[in-house]
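Here's the structure we're looking at; comments come further down.
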Amino acid sequence: MEESPATAEPLIQLTLGNNVEPENKTIYNFMDITKVHSGSDLIEAAKKNKMPILNASVDTVPNIYDLEDSEKRTVLHYLALNSNSFIFNRLLIKFQSQAKEWLQKQDKYDLQAIHYFIYSGKIDMLDEISRYYIPKNLLGMAAIKNDVLTMILIREKLKEETFKNKYQDAVTPLHLACSTKSDYAAIVLMKWKHPINIQDANGNTPLHIAALNNSYKLIRKLIQRGGSINIRNKKDQLPIDLAEDYQTLDALKSFRFSWKSLLLQLNLKPRKRSYMQSLIFLLFFSITNFGTIFLVQNSTNKDQNTGSFIMFIIIVTLFFICFLLVSYSNPGYANTKDEQNLKSLLNKLEPFEICYDCFIQTPDRSKHCEFCKRCVIKYDHHCPWVNNCVGNDNQSIFWLFLLFLFLDFLLIIILGILALTDQNTMENNNFTILIILTIIEFLFMIPLLNLILTQIRNYYSGLTTYERLVLGKPSTKKRESIIQKMSIVQQG
Ligand SMILES: [Zn+2]
Ligand SMILES: [Zn+2]
């Protein structure tokens, strides 16, 4: 963490913005501490981190712990903000008898010196300060900086650190993470079961805050994990209303997408694996297939139909075998690890190389599946029809599954059409039903052919569906890494 004087580093103001002007989009205002506060020279010196003055004062000024400015901040608050542990420790030793009381002094925002140390990334001061009293409610100060390593260390050191500890105006660490687009911190907080739909004093949920801050990624993550788009704050605003009022366009885009999404309307969120979609698919398959075959078999010329009936039985059997195999196979899940592993990864990797759900280094060409809750190696897509991911280890079975599905529908469409053209042999009612079934089967061929074409294109481009999707989107780290890998492959 780089050292900079407090003047360059804005403090977080935890008072919620009921009085926020429309042009100011951040709900948790950052306060400029260069504003003149009625403080003493010594507080000014601590604020600006002027070492000569501080050094001289430590030994000479007798009542340093009584000083506070109009923000109710003491010298300790500003030293902490400037990560000045040297002067800080000297003061604690000199004023040993008042140290405990002094350390616990809260500023206007109910924050103590330790909160500002955490905000500045100086977790080692927690041990120092814990000798005098056990602080609490520190997670948010690290979450606001997207500092997952510090968050883990806080949890290790403070066993009682939970989401029940709130900041001023009932603000939680997840609210704070959303206020600064700290997506890694937010994912870890959700993983630690911090409530997603909790409201602060103004009724805002983390989703409201993410909407205000125009965080496309966080809005998606929150909704996927059960964040409600229907909670109103005390001004009767939904998260999407805030995005509209403040014209946070990325946020608006992700809300409109969610708004229209059929899955959301059917209330299949939060995302989890569900056998329901698989069952609906199997039901559809059975009705169209067995309905058609029944009607075709009931028309005359039974002898003529025997050959095609046997072919149908073979294809259906192969289809069901592939369906079961692809549904129950492991698509190539990466093993999840514990917090200790995440800690060691954070010390050696770039933050974006880590999966904050599985606590592992994101394997090559993998993606974390929100339905399976695991990272899938060579992730292609999560297929709701088979209720499983398609990835490295079941890609070829998935291709066979598509092949037999295609052959099956091709066969029953042909058999249906043949029976229909031979209409003398069929009752009127059956004729109508067979026409309807054939039309439905035809319509089903459209998405199926689309899926098959996608897979063929994937095969020839050497990319997965997901990778081609990312390539079609604006530049991200993920996109860059895919392009890099593609050029390596081409060179090789
Ligand atoms: Zn993962
Ligand atoms: Zn999946």
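By convention in this document, the chains of the structure tokens carry letters A, B, ... by their order, each chain's residues are numbered from 1, and ligands are numbered from 1 in the order they are shown.
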
So which residues are near ligand 1, meaning at most 8 Å away with only C-alpha atoms and all ligand atoms counted, given back as a list in words?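 These are the residues that qualify: Ala334, Thr336, Cys355, Tyr356, Asp357, Cys358, Phe359, Ile360, Thr362, Lys367, His368, Cys369, Lys373, Arg374, Cys375 and Val376 of chain A.
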
Spatial neighbours of stretch 442-450 of chain A, 9 Å, only C-alpha atoms, chain gap at least 6 places, as a short mmCIF file (atom, residue, chain, number, x, y, z; two decimals) with N, CA, C and O atoms, in the first residue's frame:
data_model
loop_
_atom_site.label_atom_id
_atom_site.label_comp_id
_atom_site.auth_asym_id
_atom_site.auth_seq_id
_atom_site.Cartn_x
_atom_site.Cartn_y
_atom_site.Cartn_z
N LEU A 402 -26.47 -34.27 -29.20
CA LEU A 402 -27.09 -33.42 -30.22
C LEU A 402 -27.35 -34.19 -31.51
O LEU A 402 -28.40 -34.03 -32.15
N LEU A 405 -30.33 -36.45 -31.06
CA LEU A 405 -31.53 -35.62 -30.94
C LEU A 405 -31.96 -35.15 -32.33
O LEU A 405 -33.14 -35.19 -32.69
N PHE A 406 -30.96 -34.74 -33.11
CA PHE A 406 -31.24 -34.26 -34.47
C PHE A 406 -31.80 -35.39 -35.35
O PHE A 406 -32.83 -35.23 -36.00
N PHE A 409 -35.42 -36.27 -34.39
CA PHE A 409 -36.45 -35.35 -34.87
C PHE A 409 -36.59 -35.39 -36.39
O PHE A 409 -37.68 -35.27 -36.92
N LEU A 410 -35.45 -35.57 -37.06
CA LEU A 410 -35.50 -35.70 -38.52
C LEU A 410 -36.38 -36.89 -38.90
O LEU A 410 -37.25 -36.80 -39.76
N ILE A 413 -40.14 -36.34 -38.11
CA ILE A 413 -40.73 -35.36 -39.04
C ILE A 413 -40.99 -36.04 -40.38
O ILE A 413 -42.09 -35.92 -40.96
#

Check the DSSP output for the backbone and give back, as an NGL selection string, the residues of stretch 74-188 of chain A in alpha helix (DSSP H). :A and (75-81 or 85-94 or 96-103 or 113-119 or 125-130 or 139-143 or 148-157 or 173-179 or 183-188)

DSSP strand (DSSP E or B) selection over stretch 336-483 of chain A, as a PyMOL selection string: chain A and resi 354-355+360-361+367-369+374-376+381-383+388-390

For those residues, write all heavy atoms to a file as a compact mmCIF listing (two decimals), in the first residue's frame.
# COMPACT_ATOMS: atom_id res chain seq x y z
N ILE A 354 -7.95 -15.15 -10.04
CA ILE A 354 -8.47 -15.99 -8.95
C ILE A 354 -9.99 -16.11 -9.05
O ILE A 354 -10.66 -15.17 -9.45
CB ILE A 354 -8.09 -15.35 -7.59
CG1 ILE A 354 -6.57 -15.32 -7.45
CG2 ILE A 354 -8.74 -16.09 -6.43
CD1 ILE A 354 -6.09 -14.47 -6.32
N CYS A 355 -10.51 -17.32 -8.71
CA CYS A 355 -11.96 -17.45 -8.57
C CYS A 355 -12.29 -17.26 -7.09
O CYS A 355 -11.84 -18.04 -6.25
CB CYS A 355 -12.47 -18.81 -9.04
SG CYS A 355 -14.23 -18.99 -8.68
N ILE A 360 -9.68 -20.69 -5.80
CA ILE A 360 -8.58 -21.32 -6.54
C ILE A 360 -8.10 -20.36 -7.64
O ILE A 360 -8.78 -19.38 -7.97
CB ILE A 360 -9.03 -22.63 -7.22
CG1 ILE A 360 -10.28 -22.35 -8.10
CG2 ILE A 360 -9.33 -23.70 -6.21
CD1 ILE A 360 -10.62 -23.50 -9.01
N GLN A 361 -6.93 -20.68 -8.19
CA GLN A 361 -6.49 -19.97 -9.39
C GLN A 361 -7.38 -20.44 -10.53
O GLN A 361 -7.53 -21.65 -10.75
CB GLN A 361 -5.03 -20.29 -9.68
CG GLN A 361 -4.56 -19.65 -10.98
CD GLN A 361 -3.07 -19.78 -11.20
OE1 GLN A 361 -2.40 -20.55 -10.51
NE2 GLN A 361 -2.54 -19.03 -12.15
N LYS A 367 -14.47 -21.24 -16.57
CA LYS A 367 -15.36 -20.19 -16.11
C LYS A 367 -16.12 -20.73 -14.91
O LYS A 367 -16.39 -21.93 -14.84
CB LYS A 367 -16.34 -19.80 -17.21
CG LYS A 367 -17.23 -18.63 -16.83
CD LYS A 367 -18.39 -18.50 -17.79
CE LYS A 367 -19.32 -17.36 -17.40
NZ LYS A 367 -20.04 -17.58 -16.15
N HIS A 368 -16.45 -19.84 -13.98
CA HIS A 368 -17.24 -20.26 -12.84
C HIS A 368 -18.70 -20.31 -13.27
O HIS A 368 -19.24 -19.33 -13.76
CB HIS A 368 -17.05 -19.28 -11.68
CG HIS A 368 -17.74 -19.72 -10.44
ND1 HIS A 368 -17.17 -20.60 -9.55
CD2 HIS A 368 -18.96 -19.44 -9.96
CE1 HIS A 368 -18.01 -20.83 -8.56
NE2 HIS A 368 -19.11 -20.14 -8.79
N CYS A 369 -19.34 -21.47 -13.09
CA CYS A 369 -20.74 -21.60 -13.48
C CYS A 369 -21.64 -21.23 -12.30
O CYS A 369 -21.50 -21.79 -11.22
CB CYS A 369 -21.07 -23.02 -13.95
SG CYS A 369 -22.84 -23.22 -14.26
N ARG A 374 -19.41 -24.07 -9.42
CA ARG A 374 -18.04 -24.57 -9.52
C ARG A 374 -17.40 -23.99 -10.77
O ARG A 374 -18.07 -23.59 -11.71
CB ARG A 374 -18.03 -26.11 -9.67
CG ARG A 374 -18.73 -26.89 -8.58
CD ARG A 374 -17.83 -27.18 -7.40
NE ARG A 374 -16.79 -28.13 -7.72
CZ ARG A 374 -16.92 -29.44 -7.67
NH1 ARG A 374 -18.08 -29.97 -7.34
NH2 ARG A 374 -15.90 -30.24 -7.92
N CYS A 375 -16.05 -23.99 -10.79
CA CYS A 375 -15.35 -23.62 -12.00
C CYS A 375 -15.30 -24.84 -12.93
O CYS A 375 -15.04 -25.95 -12.48
CB CYS A 375 -13.92 -23.18 -11.68
SG CYS A 375 -13.81 -21.45 -11.22
N VAL A 376 -15.59 -24.62 -14.21
CA VAL A 376 -15.60 -25.72 -15.18
C VAL A 376 -14.47 -25.50 -16.17
O VAL A 376 -14.36 -24.43 -16.78
CB VAL A 376 -16.95 -25.77 -15.93
CG1 VAL A 376 -16.95 -26.88 -16.95
CG2 VAL A 376 -18.08 -25.94 -14.93
N HIS A 381 -20.90 -24.11 -22.08
CA HIS A 381 -22.09 -23.43 -21.58
C HIS A 381 -22.80 -24.33 -20.58
O HIS A 381 -22.50 -25.53 -20.50
CB HIS A 381 -23.03 -23.05 -22.74
CG HIS A 381 -23.72 -24.22 -23.39
ND1 HIS A 381 -23.05 -25.17 -24.13
CD2 HIS A 381 -25.02 -24.59 -23.39
CE1 HIS A 381 -23.92 -26.06 -24.59
NE2 HIS A 381 -25.11 -25.74 -24.15
N HIS A 382 -23.70 -23.74 -19.81
CA HIS A 382 -24.53 -24.56 -18.92
C HIS A 382 -25.81 -24.86 -19.68
O HIS A 382 -26.54 -23.95 -20.06
CB HIS A 382 -24.83 -23.83 -17.61
CG HIS A 382 -25.63 -24.67 -16.67
ND1 HIS A 382 -25.04 -25.46 -15.71
CD2 HIS A 382 -26.95 -24.88 -16.58
CE1 HIS A 382 -25.98 -26.12 -15.05
NE2 HIS A 382 -27.15 -25.79 -15.56
N CYS A 383 -26.07 -26.15 -19.89
CA CYS A 383 -27.22 -26.53 -20.71
C CYS A 383 -28.42 -26.86 -19.82
O CYS A 383 -28.38 -27.85 -19.08
CB CYS A 383 -26.86 -27.74 -21.59
SG CYS A 383 -28.26 -28.31 -22.55
N ASN A 388 -26.91 -29.59 -16.76
CA ASN A 388 -25.48 -29.78 -16.44
C ASN A 388 -24.65 -28.85 -17.32
O ASN A 388 -25.13 -28.34 -18.33
CB ASN A 388 -25.09 -31.24 -16.70
CG ASN A 388 -23.80 -31.60 -15.98
OD1 ASN A 388 -23.24 -30.80 -15.23
ND2 ASN A 388 -23.32 -32.82 -16.21
N CYS A 389 -23.42 -28.65 -16.88
CA CYS A 389 -22.51 -27.87 -17.69
C CYS A 389 -21.96 -28.74 -18.82
O CYS A 389 -21.88 -29.96 -18.70
CB CYS A 389 -21.34 -27.38 -16.85
SG CYS A 389 -21.51 -25.67 -16.35
N VAL A 390 -21.56 -28.08 -19.92
CA VAL A 390 -20.83 -28.76 -20.96
C VAL A 390 -19.42 -28.19 -20.92
O VAL A 390 -19.23 -26.98 -21.00
CB VAL A 390 -21.48 -28.51 -22.35
CG1 VAL A 390 -20.67 -29.19 -23.43
CG2 VAL A 390 -22.90 -29.02 -22.34

Mind checking which residues fall within 7 Å of A:Met426, counting only C-alpha atoms, ignoring those fewer than 4 positions away in the same chain, and posting them as a list in words? Ser299, Asn430 and Phe431 of chain A

Just how far from atom CA of A:Asn298 is atom CA of A:Ile436, in Å to one decimal?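 Between these atoms lies a distance of 16.8 Å.
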
In terms of only C-alpha atoms and all ligand atoms, the residue from A:Phe290, A:Trp399, A:Tyr246, A:Phe371 at minimal distance from ligand 2 is A:Phe371

Atom CA of A:Ile280 and atom CA of A:Thr317, how far apart in Å?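 Value for the atom CA of A:Thr317-atom CA of A:Ile280 distance: 18.8 Å.
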
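Going from atom CA of A:Thr248 over to atom CA of A:Val188, you cover 24.9 Å.
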
I'd like the contact shell of A:Ser182 - 9 Å cut-off, only C-alpha atoms, skipping same-chain residues fewer than 6 positions apart - returned as a VMD selection string. chain A and resid 143 to 147 176 218

Please write the residues from the selection above to a file, keeping C-alpha atoms, as an mmCIF file, in the first residue's frame.
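Generated file (result.cif):
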data_model
loop_
_atom_site.group_PDB
_atom_site.id
_atom_site.type_symbol
_atom_site.label_atom_id
_atom_site.label_comp_id
_atom_site.auth_asym_id
_atom_site.auth_seq_id
_atom_site.Cartn_x
_atom_site.Cartn_y
_atom_site.Cartn_z
ATOM 1 C CA ALA A 143 -14.224 -4.381 1.359
ATOM 2 C CA ILE A 144 -14.430 -0.767 0.236
ATOM 3 C CA LYS A 145 -10.877 -1.144 -1.109
ATOM 4 C CA ASN A 146 -11.559 -4.547 -2.712
ATOM 5 C CA ASP A 147 -8.833 -5.857 -0.394
ATOM 6 C CA LEU A 176 -19.754 -0.482 1.024
ATOM 7 C CA LEU A 218 -22.056 -6.404 -9.568
#

I'd like the neighbourhood of A:Ala177 as a PyMOL selection string, where a residue qualifies if any of its atoms comes within 12 Å (using only C-alpha atoms), though same-chain residues fewer than 6 positions away should be ignored. chain A and resi 28+139-148+151+171+183-190+194+196+205-207+209-210+213+215+218+222

Might you pull out every residue within 8 Å of stretch 251-255 of chain A, with only C-alpha atoms counted and same-chain residues fewer than 2 positions away left off, and present them as a PyMOL selection string? chain A and resi 210-216+219-220+240+243-244+247-249+257-259

Take the residues that were just selected and, keeping N, CA and C atoms, output them as a PDB file, in the first residue's frame.
ATOM      1  N   ALA A 210     -25.343  -0.588  -6.082  1.00  0.00           N
ATOM      2  CA  ALA A 210     -24.656  -0.978  -7.321  1.00  0.00           C
ATOM      3  C   ALA A 210     -25.278  -0.257  -8.519  1.00  0.00           C
ATOM      4  N   ALA A 211     -26.607  -0.057  -8.465  1.00  0.00           N
ATOM      5  CA  ALA A 211     -27.302   0.643  -9.557  1.00  0.00           C
ATOM      6  C   ALA A 211     -26.810   2.083  -9.646  1.00  0.00           C
ATOM      7  N   LEU A 212     -26.698   2.730  -8.490  1.00  0.00           N
ATOM      8  CA  LEU A 212     -26.217   4.113  -8.455  1.00  0.00           C
ATOM      9  C   LEU A 212     -24.798   4.226  -8.968  1.00  0.00           C
ATOM     10  N   ASN A 213     -24.015   3.212  -8.708  1.00  0.00           N
ATOM     11  CA  ASN A 213     -22.606   3.269  -9.076  1.00  0.00           C
ATOM     12  C   ASN A 213     -22.313   2.655 -10.431  1.00  0.00           C
ATOM     13  N   ASN A 214     -23.371   2.308 -11.144  1.00  0.00           N
ATOM     14  CA  ASN A 214     -23.210   1.882 -12.525  1.00  0.00           C
ATOM     15  C   ASN A 214     -22.340   0.639 -12.671  1.00  0.00           C
ATOM     16  N   SER A 215     -22.519  -0.303 -11.756  1.00  0.00           N
ATOM     17  CA  SER A 215     -21.682  -1.486 -11.828  1.00  0.00           C
ATOM     18  C   SER A 215     -22.435  -2.647 -12.487  1.00  0.00           C
ATOM     19  N   TYR A 216     -22.219  -2.811 -13.774  1.00  0.00           N
ATOM     20  CA  TYR A 216     -22.859  -3.853 -14.575  1.00  0.00           C
ATOM     21  C   TYR A 216     -22.594  -5.227 -13.966  1.00  0.00           C
ATOM     22  N   ILE A 219     -24.242  -5.850 -10.452  1.00  0.00           N
ATOM     23  CA  ILE A 219     -25.696  -6.012 -10.561  1.00  0.00           C
ATOM     24  C   ILE A 219     -26.009  -7.432 -11.009  1.00  0.00           C
ATOM     25  N   ARG A 220     -25.267  -7.921 -12.012  1.00  0.00           N
ATOM     26  CA  ARG A 220     -25.498  -9.278 -12.498  1.00  0.00           C
ATOM     27  C   ARG A 220     -25.251 -10.302 -11.404  1.00  0.00           C
ATOM     28  N   ILE A 240     -33.826  -0.236 -10.222  1.00  0.00           N
ATOM     29  CA  ILE A 240     -33.836   0.227 -11.621  1.00  0.00           C
ATOM     30  C   ILE A 240     -34.241   1.704 -11.711  1.00  0.00           C
ATOM     31  N   ALA A 243     -31.171   3.711 -11.283  1.00  0.00           N
ATOM     32  CA  ALA A 243     -30.347   3.691 -12.500  1.00  0.00           C
ATOM     33  C   ALA A 243     -30.938   4.640 -13.542  1.00  0.00           C
ATOM     34  N   GLU A 244     -32.267   4.718 -13.597  1.00  0.00           N
ATOM     35  CA  GLU A 244     -32.919   5.623 -14.550  1.00  0.00           C
ATOM     36  C   GLU A 244     -32.727   7.080 -14.133  1.00  0.00           C
ATOM     37  N   GLN A 247     -29.186   8.007 -14.600  1.00  0.00           N
ATOM     38  CA  GLN A 247     -28.688   7.679 -15.940  1.00  0.00           C
ATOM     39  C   GLN A 247     -27.373   6.894 -15.899  1.00  0.00           C
ATOM     40  N   THR A 248     -27.320   5.916 -15.018  1.00  0.00           N
ATOM     41  CA  THR A 248     -26.159   5.027 -15.006  1.00  0.00           C
ATOM     42  C   THR A 248     -26.436   3.949 -16.063  1.00  0.00           C
ATOM     43  N   LEU A 249     -25.856   4.155 -17.244  1.00  0.00           N
ATOM     44  CA  LEU A 249     -26.309   3.422 -18.427  1.00  0.00           C
ATOM     45  C   LEU A 249     -25.959   1.933 -18.415  1.00  0.00           C
ATOM     46  N   PHE A 257     -31.963  -6.088 -19.211  1.00  0.00           N
ATOM     47  CA  PHE A 257     -31.749  -7.473 -19.620  1.00  0.00           C
ATOM     48  C   PHE A 257     -32.424  -8.412 -18.623  1.00  0.00           C
ATOM     49  N   SER A 258     -32.162  -8.150 -17.325  1.00  0.00           N
ATOM     50  CA  SER A 258     -32.747  -9.004 -16.281  1.00  0.00           C
ATOM     51  C   SER A 258     -34.260  -8.903 -16.293  1.00  0.00           C
ATOM     52  N   TRP A 259     -34.737  -7.703 -16.503  1.00  0.00           N
ATOM     53  CA  TRP A 259     -36.164  -7.408 -16.500  1.00  0.00           C
ATOM     54  C   TRP A 259     -36.879  -8.260 -17.533  1.00  0.00           C
TER      55      TRP A 259
END

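Nearest to A:Ala170 of all the residues A:Ile198, A:Gln112, A:Ile152, A:Lys272 is A:Ile198, counting only C-alpha atoms.
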
Might you pull out every residue within 7 Å of A:Asn392, with only C-alpha atoms counted and same-chain residues fewer than 3 positions away left off, and present them as a PyMOL selection string? chain A and resi 331-332+377-379+395

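Take the candidates A:Arg271, A:Tyr459, A:Ile452, A:Ser286 and check each one against ligand 2 using only C-alpha atoms and all ligand atoms; the shortest distance goes to A:Arg271.
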